[in-house]
Amino acid sequence: MPTPTTYAPAKQFVGVANEVTQGSPVAMTATLLLDNFKPKDQPKFLEDKAWRGAMATDSFAQIPGVATADLDLGGPVFLDGLGYLLRNLMGDLSVTGTSTGSGGTTLSATANAGATAISTVATIPNGTVIQIGTGATAEVFTTGTPTGSGPFTIPLSSPSGGLVYQHASAQAVQPVTGPYTYAWALLNSGTGQPISHTLTHMLGPTGTSGARQYPGAVLSEMGFKWNSESDLFTFDAKATSWPSVILGSAPTANPGTVAPIASWRMAVGIGGPAAGGTLIATVTDGEISLKREINPYFTGNGAQSPYIIQRAGLTVEGKLNFVAADESPLLYMLNNSQPQLQLLISNGLSGLNAGAVQFDFAKAAFVEAEPDGSKTAVEYSNSFKAVLNTTNAGGSGSFSPCKISVTCNITPGTY
């Protein structure tokens with residue numbers, strides 16, 4: 001008897017790619033390093049229960065209805081892959097680089113959103129990575145061949161699509177290098193709908209390629225957890241997508257080399273940054289939960305798949321557990337002080353390998369503070385809710401519950 005065909009789960013992997021049109025599958029461009037991926041196609045079946053003179057009330061037929069797929073995913077946080085998920089959930093993005101210290105200039109005229117070239121006071125060599133502007137509207141591009149004799153026209157060759165934000169004349173244009181910091185906030189401009197992704201699951205049993213794709217994936221939840229004593233910094237997420245489709249040819253895993261981060265590196269700041277006098281050294285563990293209301297809409301267009309998976313509001317909340325040095329955790333709640341809260345976890349490396357995730361809450365409302373006297377030291381377990389504010393808003397303006405920044409050496413335009 002020939003050896004039976006089986007498939008080893010250890011060989012599975014999950015790929016991701018940005019979509020141009022929600023629900024139109026695209027080939028994976030990066031590998032998400034996960035230790036949990038549970039996809040579930042969810043077709044609905046419509047029952048025919050019309051009477052037929054039979055002693056039965058069950059269905060006489062199962063008619064295919066509309067369909068989606070539900071996705072559960074998670075694992076250690078890898079800095080190079082996290083950006084895909086944050087852009088999907090939050091949408092608003094600014095990018096800053098590490099200044100090279102020379103070759104800077106300024107815009108000689110206003111640069112409008114969508115422009116694929118800028119006008120500068122001084123020339124910039126072809127192939128230079130530059131940062132245009134600062135703060136919430138900062139953008140990073142690689143330049144093309146300059147023209148003119150002053151002012152100079154500088155093409156923005158990559159990423160494609162041109163400027164996302166408008167930049168006023170005289171704004172700084174500075175050559176930069178990695179690592180880059182990507183900052184995400186709630187997208188409020190345009191339709192308010194972030195990018196969607198195709199997730200590719202190489203599992204084995206699928207004919208020809210061994211893989212299925214889940215196009216149009218939209219995140220509805222993302223949670224982060226850390227425990228200083230025992231765990232890596234981890235995440236879990238939920239998403240809804242179009243029903244799965246078979247991939248035509250076998251994909252190839254292309255994992256990065258970035259390592260996950262131990263939880264003991266998490267620093268917490270209350271009333272200021274996670275450093276200096278506002279660093280709180282008594283937090284043992286915690287979690288952050290981002291939830292976004294989503295809804296698949298179906299229309300009479302001859303397709304079982306959604307017309308769109310629509311995003312609505314984003315809410316953010318979390319928990320912090322303290323070893324009690326005093327009553328401060330309780331007073332955060334009783335006084336309703338709603339302090340600034342910053343959480344920063346770094347990989348401890350330098351240069352191009354430096355990486356970090358920073359959570360900024362301009363207003364954190366502590367809504368629960370429960371003392372625990374049952375252990376070897378008194379503890380407090382606190383819950384907080386992020387309050388919408390303009391400080392954490394991105395380049396699209398309005399309000400955001402928080403800002404999440406990721407520092408890594410990934411080429412701008414990847415996300």
# chains A, B, ... in the order shown; residues from 1 in each chain; ligands from 1
$ select_by_dssp --residues "region 218-400 of chain A" --states "strand (DSSP E or B)" --output "VMD selection string"
chain A and resid 218 to 227 232 234 to 241 245 to 246 262 266 to 270 279 to 280 283 to 297 308 to 323 341 to 346 356 to 361 364 to 372 379 to 386 389 400
$ residues_around --residues "Pro175 (chain A)" --least-positions-apart "3" --cutoff "8 Å" --atoms "only C-alpha atoms" --output "list in words"
Ser99, Thr100, Gly101, Ser102, Gly103, Gly104, Thr128, Val129, Ile130 and Gln131 of chain A
$ closest_residue --among "A:Arg311, A:Ala393, A:Thr6, A:Ala274" --to "Gln358 (chain A)" --atoms "only C-alpha atoms"
A:Ala274
$ select_by_dssp --residues "region 40-236 of chain A" --states "alpha helix (DSSP H)" --output "list in words"
Leu79, Asp80, Gly81, Leu82, Gly83, Tyr84, Leu85, Leu86, Arg87, Asn88 and Leu89 of chain A
$ write_last_selection --atoms "all heavy atoms" --output "PDB file, in the first residue's frame"
ATOM      1  N   LEU A  79       8.043  43.461  14.862  1.00  0.00           N
ATOM      2  CA  LEU A  79       7.924  44.861  14.484  1.00  0.00           C
ATOM      3  C   LEU A  79       7.747  45.064  12.990  1.00  0.00           C
ATOM      4  O   LEU A  79       7.077  46.006  12.562  1.00  0.00           O
ATOM      5  CB  LEU A  79       9.163  45.632  14.961  1.00  0.00           C
ATOM      6  CG  LEU A  79       9.408  45.636  16.475  1.00  0.00           C
ATOM      7  CD1 LEU A  79      10.684  46.389  16.805  1.00  0.00           C
ATOM      8  CD2 LEU A  79       8.231  46.225  17.218  1.00  0.00           C
ATOM      9  N   ASP A  80       8.323  44.184  12.173  1.00  0.00           N
ATOM     10  CA  ASP A  80       8.247  44.387  10.728  1.00  0.00           C
ATOM     11  C   ASP A  80       6.886  44.019  10.151  1.00  0.00           C
ATOM     12  O   ASP A  80       6.512  44.487   9.075  1.00  0.00           O
ATOM     13  CB  ASP A  80       9.353  43.623  10.006  1.00  0.00           C
ATOM     14  CG  ASP A  80       9.423  42.154  10.387  1.00  0.00           C
ATOM     15  OD1 ASP A  80       8.709  41.732  11.320  1.00  0.00           O
ATOM     16  OD2 ASP A  80      10.202  41.423   9.762  1.00  0.00           O
ATOM     17  N   GLY A  81       6.096  43.201  10.841  1.00  0.00           N
ATOM     18  CA  GLY A  81       4.784  42.814  10.340  1.00  0.00           C
ATOM     19  C   GLY A  81       3.628  43.554  10.984  1.00  0.00           C
ATOM     20  O   GLY A  81       2.521  43.596  10.432  1.00  0.00           O
ATOM     21  N   LEU A  82       3.868  44.157  12.141  1.00  0.00           N
ATOM     22  CA  LEU A  82       2.801  44.798  12.900  1.00  0.00           C
ATOM     23  C   LEU A  82       2.135  45.928  12.124  1.00  0.00           C
ATOM     24  O   LEU A  82       0.928  46.156  12.250  1.00  0.00           O
ATOM     25  CB  LEU A  82       3.374  45.326  14.219  1.00  0.00           C
ATOM     26  CG  LEU A  82       2.417  46.030  15.159  1.00  0.00           C
ATOM     27  CD1 LEU A  82       1.248  45.129  15.557  1.00  0.00           C
ATOM     28  CD2 LEU A  82       3.169  46.506  16.412  1.00  0.00           C
ATOM     29  N   GLY A  83       2.898  46.634  11.294  1.00  0.00           N
ATOM     30  CA  GLY A  83       2.369  47.786  10.580  1.00  0.00           C
ATOM     31  C   GLY A  83       1.206  47.471   9.662  1.00  0.00           C
ATOM     32  O   GLY A  83       0.298  48.300   9.493  1.00  0.00           O
ATOM     33  N   TYR A  84       1.204  46.288   9.043  1.00  0.00           N
ATOM     34  CA  TYR A  84       0.088  45.920   8.175  1.00  0.00           C
ATOM     35  C   TYR A  84      -1.226  45.921   8.960  1.00  0.00           C
ATOM     36  O   TYR A  84      -2.250  46.442   8.500  1.00  0.00           O
ATOM     37  CB  TYR A  84       0.306  44.536   7.573  1.00  0.00           C
ATOM     38  CG  TYR A  84       1.434  44.450   6.574  1.00  0.00           C
ATOM     39  CD1 TYR A  84       2.674  43.928   6.937  1.00  0.00           C
ATOM     40  CD2 TYR A  84       1.263  44.892   5.261  1.00  0.00           C
ATOM     41  CE1 TYR A  84       3.714  43.843   6.017  1.00  0.00           C
ATOM     42  CE2 TYR A  84       2.295  44.813   4.342  1.00  0.00           C
ATOM     43  CZ  TYR A  84       3.518  44.295   4.727  1.00  0.00           C
ATOM     44  OH  TYR A  84       4.554  44.222   3.810  1.00  0.00           O
ATOM     45  N   LEU A  85      -1.192  45.336  10.147  1.00  0.00           N
ATOM     46  CA  LEU A  85      -2.407  45.187  10.937  1.00  0.00           C
ATOM     47  C   LEU A  85      -2.872  46.523  11.502  1.00  0.00           C
ATOM     48  O   LEU A  85      -4.071  46.810  11.529  1.00  0.00           O
ATOM     49  CB  LEU A  85      -2.164  44.174  12.060  1.00  0.00           C
ATOM     50  CG  LEU A  85      -1.664  42.797  11.596  1.00  0.00           C
ATOM     51  CD1 LEU A  85      -1.428  41.884  12.795  1.00  0.00           C
ATOM     52  CD2 LEU A  85      -2.643  42.156  10.627  1.00  0.00           C
ATOM     53  N   LEU A  86      -1.943  47.352  11.942  1.00  0.00           N
ATOM     54  CA  LEU A  86      -2.319  48.660  12.494  1.00  0.00           C
ATOM     55  C   LEU A  86      -2.902  49.566  11.416  1.00  0.00           C
ATOM     56  O   LEU A  86      -3.847  50.320  11.669  1.00  0.00           O
ATOM     57  CB  LEU A  86      -1.114  49.317  13.154  1.00  0.00           C
ATOM     58  CG  LEU A  86      -0.639  48.669  14.453  1.00  0.00           C
ATOM     59  CD1 LEU A  86       0.630  49.354  14.961  1.00  0.00           C
ATOM     60  CD2 LEU A  86      -1.731  48.722  15.526  1.00  0.00           C
ATOM     61  N   ARG A  87      -2.367  49.505  10.207  1.00  0.00           N
ATOM     62  CA  ARG A  87      -2.925  50.336   9.147  1.00  0.00           C
ATOM     63  C   ARG A  87      -4.333  49.866   8.791  1.00  0.00           C
ATOM     64  O   ARG A  87      -5.216  50.675   8.502  1.00  0.00           O
ATOM     65  CB  ARG A  87      -2.034  50.327   7.910  1.00  0.00           C
ATOM     66  CG  ARG A  87      -2.508  51.355   6.892  1.00  0.00           C
ATOM     67  CD  ARG A  87      -1.624  51.484   5.697  1.00  0.00           C
ATOM     68  NE  ARG A  87      -2.161  52.487   4.787  1.00  0.00           N
ATOM     69  CZ  ARG A  87      -1.814  52.622   3.514  1.00  0.00           C
ATOM     70  NH1 ARG A  87      -0.897  51.830   3.004  1.00  0.00           N
ATOM     71  NH2 ARG A  87      -2.360  53.544   2.765  1.00  0.00           N
ATOM     72  N   ASN A  88      -4.556  48.558   8.804  1.00  0.00           N
ATOM     73  CA  ASN A  88      -5.865  48.004   8.519  1.00  0.00           C
ATOM     74  C   ASN A  88      -6.891  48.463   9.554  1.00  0.00           C
ATOM     75  O   ASN A  88      -8.031  48.789   9.217  1.00  0.00           O
ATOM     76  CB  ASN A  88      -5.776  46.478   8.501  1.00  0.00           C
ATOM     77  CG  ASN A  88      -7.042  45.799   8.051  1.00  0.00           C
ATOM     78  OD1 ASN A  88      -8.082  45.933   8.665  1.00  0.00           O
ATOM     79  ND2 ASN A  88      -6.948  45.038   6.965  1.00  0.00           N
ATOM     80  N   LEU A  89      -6.479  48.514  10.812  1.00  0.00           N
ATOM     81  CA  LEU A  89      -7.407  48.828  11.898  1.00  0.00           C
ATOM     82  C   LEU A  89      -7.601  50.322  12.099  1.00  0.00           C
ATOM     83  O   LEU A  89      -8.711  50.783  12.381  1.00  0.00           O
ATOM     84  CB  LEU A  89      -6.892  48.200  13.196  1.00  0.00           C
ATOM     85  CG  LEU A  89      -7.824  48.224  14.402  1.00  0.00           C
ATOM     86  CD1 LEU A  89      -9.071  47.383  14.134  1.00  0.00           C
ATOM     87  CD2 LEU A  89      -7.111  47.706  15.643  1.00  0.00           C
TER      88      LEU A  89
END
$ residues_around --residues "Gly300 (chain A)" --least-positions-apart "6" --cutoff "12 Å" --atoms "only C-alpha atoms" --output "ChimeraX atom specification"
/A:65-66,306-307
$ write_last_selection --atoms "C-alpha atoms" --output "mmCIF file, in the first residue's frame"
data_model
loop_
_atom_site.group_PDB
_atom_site.id
_atom_site.type_symbol
_atom_site.label_atom_id
_atom_site.label_comp_id
_atom_site.auth_asym_id
_atom_site.auth_seq_id
_atom_site.Cartn_x
_atom_site.Cartn_y
_atom_site.Cartn_z
ATOM 1 C CA GLY A 65 -26.927 32.505 0.594
ATOM 2 C CA VAL A 66 -24.276 35.167 1.105
ATOM 3 C CA PRO A 306 -20.003 41.472 0.350
ATOM 4 C CA TYR A 307 -20.455 44.706 -1.558
#
$ residues_around --residues "region 318-325 of chain A" --least-positions-apart "6" --cutoff "6 Å" --atoms "only C-alpha atoms" --output "MDAnalysis selection string"
chainID A and resid 282:289 378:384
$ write_last_selection --atoms "N, CA, C and O atoms" --output "compact mmCIF listing (two decimals), in the first residue's frame"
# COMPACT_ATOMS: atom_id res chain seq x y z
N THR A 282 6.22 50.06 38.86
CA THR A 282 5.50 49.04 39.62
C THR A 282 4.49 48.25 38.80
O THR A 282 3.75 47.43 39.35
N VAL A 283 4.42 48.45 37.48
CA VAL A 283 3.47 47.72 36.64
C VAL A 283 4.05 46.36 36.28
O VAL A 283 5.14 46.28 35.70
N THR A 284 3.34 45.30 36.60
CA THR A 284 3.84 43.94 36.36
C THR A 284 3.41 43.38 35.01
O THR A 284 4.16 42.64 34.36
N ASP A 285 2.18 43.70 34.60
CA ASP A 285 1.64 43.15 33.36
C ASP A 285 0.44 43.99 32.95
O ASP A 285 -0.02 44.86 33.70
N GLY A 286 -0.05 43.72 31.75
CA GLY A 286 -1.19 44.49 31.28
C GLY A 286 -1.63 44.07 29.90
O GLY A 286 -1.10 43.13 29.31
N GLU A 287 -2.63 44.79 29.39
CA GLU A 287 -3.14 44.52 28.06
C GLU A 287 -3.80 45.76 27.49
O GLU A 287 -4.23 46.65 28.23
N ILE A 288 -3.86 45.83 26.18
CA ILE A 288 -4.53 46.90 25.45
C ILE A 288 -5.44 46.25 24.42
O ILE A 288 -5.03 45.32 23.72
N SER A 289 -6.66 46.74 24.33
CA SER A 289 -7.64 46.16 23.42
C SER A 289 -8.21 47.24 22.51
O SER A 289 -8.74 48.25 23.00
N VAL A 378 0.70 43.60 48.28
CA VAL A 378 -0.57 44.20 47.88
C VAL A 378 -0.47 44.66 46.43
O VAL A 378 0.53 45.23 46.01
N GLU A 379 -1.53 44.38 45.67
CA GLU A 379 -1.57 44.77 44.27
C GLU A 379 -2.84 45.55 43.97
O GLU A 379 -3.82 45.51 44.73
N TYR A 380 -2.82 46.27 42.86
CA TYR A 380 -4.01 46.90 42.32
C TYR A 380 -4.18 46.45 40.87
O TYR A 380 -3.20 46.38 40.12
N SER A 381 -5.41 46.17 40.50
CA SER A 381 -5.74 45.85 39.11
C SER A 381 -6.62 46.97 38.56
O SER A 381 -7.74 47.15 39.02
N ASN A 382 -6.09 47.71 37.61
CA ASN A 382 -6.77 48.88 37.07
C ASN A 382 -7.22 48.66 35.64
O ASN A 382 -6.49 48.05 34.84
N SER A 383 -8.38 49.18 35.31
CA SER A 383 -8.87 49.21 33.93
C SER A 383 -9.00 50.66 33.49
O SER A 383 -9.38 51.52 34.29
N PHE A 384 -8.68 50.93 32.22
CA PHE A 384 -8.80 52.29 31.72
C PHE A 384 -9.45 52.29 30.34
O PHE A 384 -9.46 51.29 29.62
$ closest_residue --among "A:Thr21, A:Thr68, A:Thr110, A:Gln342" --to "Gln166 (chain A)" --atoms "only C-alpha atoms"
A:Thr110
